[in-house]
file query-v2.csv (CSV, C-alpha atoms and all ligand atoms)
chain,number,residue,atom,x,y,z
A,878,MET,CA,-21.4,33.7,-14.2
A,879,THR,CA,-17.9,34.9,-13.2
A,880,ALA,CA,-15.8,37.1,-15.4
A,881,ALA,CA,-13.4,34.2,-16.1
A,882,GLU,CA,-16.3,32.0,-17.1
A,883,LYS,CA,-17.7,34.8,-19.3
A,884,ALA,CA,-14.3,35.2,-20.9
A,885,ALA,CA,-14.0,31.5,-21.6
A,886,VAL,CA,-17.4,31.6,-23.4
A,887,GLU,CA,-17.0,34.8,-25.3
A,888,HIS,CA,-13.3,34.7,-26.2
A,889,LEU,CA,-13.1,31.6,-28.3
A,890,PRO,CA,-10.8,30.9,-31.2
A,891,CYS,CA,-12.0,31.3,-34.8
A,892,ARG,CA,-10.3,28.8,-37.1
A,893,PRO,CA,-8.3,28.6,-39.3
A,894,GLU,CA,-6.7,32.0,-38.4
A,895,TRP,CA,-6.9,31.4,-34.7
A,896,ARG,CA,-8.2,34.9,-33.9
A,897,CYS,CA,-10.5,35.6,-31.1
A,898,GLN,CA,-14.2,35.6,-32.1
A,899,SER,CA,-14.9,38.4,-29.7
A,900,CYS,CA,-12.0,40.9,-29.8
A,901,GLY,CA,-10.1,39.8,-33.0
A,902,ASP,CA,-6.7,39.4,-31.3
A,903,GLU,CA,-4.5,36.4,-31.7
A,904,TRP,CA,-6.0,33.5,-29.7
A,905,PRO,CA,-5.6,33.0,-26.8
A,906,CYS,CA,-6.2,36.7,-26.3
A,907,LEU,CA,-5.6,38.4,-23.0
A,908,GLU,CA,-9.2,37.8,-21.9
A,909,ALA,CA,-9.1,34.2,-22.9
A,910,ARG,CA,-5.7,33.7,-21.1
A,911,ILE,CA,-7.2,35.3,-17.9
A,912,GLY,CA,-10.2,32.9,-18.1
A,913,LEU,CA,-7.9,29.9,-18.7
A,914,VAL,CA,-5.6,30.8,-15.8
A,915,VAL,CA,-8.6,31.1,-13.5
A,916,GLN,CA,-10.0,27.7,-14.8
A,917,SER,CA,-6.5,26.1,-14.4
A,918,LEU,CA,-6.7,26.8,-10.7
A,919,THR,CA,-9.3,24.1,-10.5
A,920,TYR,CA,-8.8,22.1,-13.7
A,921,ARG,CA,-5.1,22.5,-14.5
A,922,THR,CA,-4.6,19.3,-16.4
A,923,ALA,CA,-7.7,19.8,-18.4
A,924,VAL,CA,-6.7,23.3,-19.4
A,925,LEU,CA,-3.2,22.2,-20.4
A,926,VAL,CA,-4.6,19.3,-22.5
A,927,TYR,CA,-7.1,21.7,-24.1
A,928,LEU,CA,-4.3,24.1,-25.0
A,929,ALA,CA,-2.1,21.3,-26.3
A,930,LEU,CA,-4.9,20.1,-28.6
A,931,CYS,CA,-5.5,23.7,-29.8
A,932,LEU,CA,-1.8,24.0,-30.5
A,933,ALA,CA,-2.0,20.8,-32.6
A,934,ASP,CA,-5.0,22.0,-34.5
A,935,ALA,CA,-3.4,25.4,-35.1
A,936,ALA,CA,-0.2,23.8,-36.4
A,937,ALA,CA,-2.3,21.9,-38.9
A,938,ASP,CA,-4.3,25.0,-39.9
A,939,PHE,CA,-1.2,27.2,-40.2
A,940,ALA,CA,0.7,24.6,-42.2
A,941,GLU,CA,-2.2,24.5,-44.6
A,942,LEU,CA,-2.2,28.3,-44.8
A,943,GLY,CA,1.6,28.6,-45.0
A,944,ILE,CA,1.8,30.6,-41.8
A,945,VAL,CA,5.0,30.3,-39.7
A,946,SER,CA,4.5,31.1,-36.0
A,947,ASP,CA,6.0,30.1,-32.7
A,948,LEU,CA,3.0,28.1,-31.6
A,949,TYR,CA,4.4,26.7,-28.4
A,950,ASP,CA,5.0,30.2,-26.8
A,951,ARG,CA,1.6,31.3,-28.1
A,952,PHE,CA,-0.5,28.4,-26.8
A,953,LEU,CA,1.5,26.9,-23.9
A,954,GLY,CA,4.6,28.9,-23.1
A,955,TRP,CA,2.7,31.6,-21.2
A,956,VAL,CA,1.1,29.1,-18.9
A,957,GLY,CA,4.2,27.9,-17.1
A,958,THR,CA,4.7,24.4,-15.8
A,959,GLY,CA,4.9,25.2,-12.0
A,960,SER,CA,8.0,24.2,-10.2
A,961,ASN,CA,6.2,21.5,-8.2
A,962,GLU,CA,5.1,19.7,-11.3
A,963,ARG,CA,8.6,19.3,-12.9
A,964,ILE,CA,9.6,15.7,-13.4
A,965,SER,CA,13.2,15.0,-12.6
A,966,HIS,CA,15.0,12.4,-14.6
A,967,ASP,CA,16.7,11.4,-11.4
A,968,ASP,CA,13.4,10.5,-9.8
A,969,ALA,CA,12.2,8.6,-12.9
A,970,GLY,CA,14.5,5.7,-12.7
A,1001,ZN,ZN,-10.6,38.0,-27.1

call {"tool": "encode", "arguments": {"input": "query-v2.csv", "output": "structure tokens"}}
result
Amino acid sequence: MTAAEKAAVEHLPCRPEWRCQSCGDEWPCLEARIGLVVQSLTYRTAVLVYLALCLADAAADFAELGIVSDLYDRFLGWVGTGSNERISHDDAG
């Protein structure tokens, strides 16, 4: 098992607080992010969908708990979109 795979297994979110089960930091913690970045090299779309679903779940959990947080930056903002994946409105029509 690679270090990234190990991080993906060990550094999972604990709901509804969305803290790492392993290190206790806000999820995705540094180790989880490293694992997700490595996985995204092969499964980029799957990782982005996973993080978007986590964001949606966290939004629901936080709303119930009355927690206000910038969830986009926490769950997706650090990933980046990659300049070659941008969709231009000029190209769309
Ligand atoms: Zn962790």

call {"tool": "residues_around", "arguments": {"input": "query-v2.csv", "residues": "Pro905 (chain A)", "least_positions_apart": "6", "cutoff": "12 Å", "atoms": "only C-alpha atoms", "output": "compact mmCIF listing (two decimals) with C-alpha atoms, in the frame of the given file"}}
result
# COMPACT_ATOMS: atom_id res chain seq x y z
CA ALA A 884 -14.30 35.20 -20.90
CA ALA A 885 -14.00 31.50 -21.60
CA GLU A 887 -17.00 34.80 -25.30
CA HIS A 888 -13.30 34.70 -26.20
CA LEU A 889 -13.10 31.60 -28.30
CA PRO A 890 -10.80 30.90 -31.20
CA CYS A 891 -12.00 31.30 -34.80
CA GLU A 894 -6.70 32.00 -38.40
CA TRP A 895 -6.90 31.40 -34.70
CA ARG A 896 -8.20 34.90 -33.90
CA CYS A 897 -10.50 35.60 -31.10
CA GLN A 898 -14.20 35.60 -32.10
CA SER A 899 -14.90 38.40 -29.70
CA ILE A 911 -7.20 35.30 -17.90
CA GLY A 912 -10.20 32.90 -18.10
CA LEU A 913 -7.90 29.90 -18.70
CA VAL A 914 -5.60 30.80 -15.80
CA TYR A 927 -7.10 21.70 -24.10
CA LEU A 928 -4.30 24.10 -25.00
CA CYS A 931 -5.50 23.70 -29.80
CA LEU A 932 -1.80 24.00 -30.50
CA ALA A 935 -3.40 25.40 -35.10
CA LEU A 948 3.00 28.10 -31.60
CA TYR A 949 4.40 26.70 -28.40
CA ASP A 950 5.00 30.20 -26.80
CA ARG A 951 1.60 31.30 -28.10
CA PHE A 952 -0.50 28.40 -26.80
CA LEU A 953 1.50 26.90 -23.90
CA GLY A 954 4.60 28.90 -23.10
CA TRP A 955 2.70 31.60 -21.20
CA VAL A 956 1.10 29.10 -18.90

call {"tool": "closest_residue", "arguments": {"input": "query-v2.csv", "among": "A:Ala909, A:Ala881, A:Ala933, A:Val886", "to": "ligand ZN 1001 (chain A)", "atoms": "all atoms listed in the file"}}
result
A:Ala909

call {"tool": "atom_distance", "arguments": {"input": "query-v2.csv", "atom1": "CA of Val915 (chain A)", "atom2": "CA of Lys883 (chain A)"}}
result
11.4 Å

call {"tool": "atom_distance", "arguments": {"input": "query-v2.csv", "atom1": "CA of Leu918 (chain A)", "atom2": "CA of Ser946 (chain A)"}}
result
28.0 Å

call {"tool": "closest_residue", "arguments": {"input": "query-v2.csv", "among": "A:Phe939, A:Val926, A:Glu903, A:Ile944", "to": "ligand ZN 1001 (chain A)", "atoms": "all atoms listed in the file"}}
result
A:Glu903

call {"tool": "closest_residue", "arguments": {"input": "query-v2.csv", "among": "A:Ala923, A:Cys906, A:Ala940, A:Val945", "to": "ligand ZN 1001 (chain A)", "atoms": "only C-alpha atoms and all ligand atoms"}}
result
A:Cys906

call {"tool": "closest_residue", "arguments": {"input": "query-v2.csv", "among": "A:Pro893, A:Gln916, A:Ala880, A:Trp904", "to": "ligand ZN 1001 (chain A)", "atoms": "all atoms listed in the file"}}
result
A:Trp904

call {"tool": "closest_residue", "arguments": {"input": "query-v2.csv", "among": "A:Ala936, A:Cys900, A:Thr922, A:Thr879", "to": "ligand ZN 1001 (chain A)", "atoms": "all atoms listed in the file"}}
result
A:Cys900

call {"tool": "closest_residue", "arguments": {"input": "query-v2.csv", "among": "A:Glu882, A:Leu907, A:Arg892, A:Tyr920", "to": "ligand ZN 1001 (chain A)", "atoms": "all atoms listed in the file"}}
result
A:Leu907

call {"tool": "atom_distance", "arguments": {"input": "query-v2.csv", "atom1": "CA of Glu908 (chain A)", "atom2": "CA of Met878 (chain A)"}}
result
15.0 Å
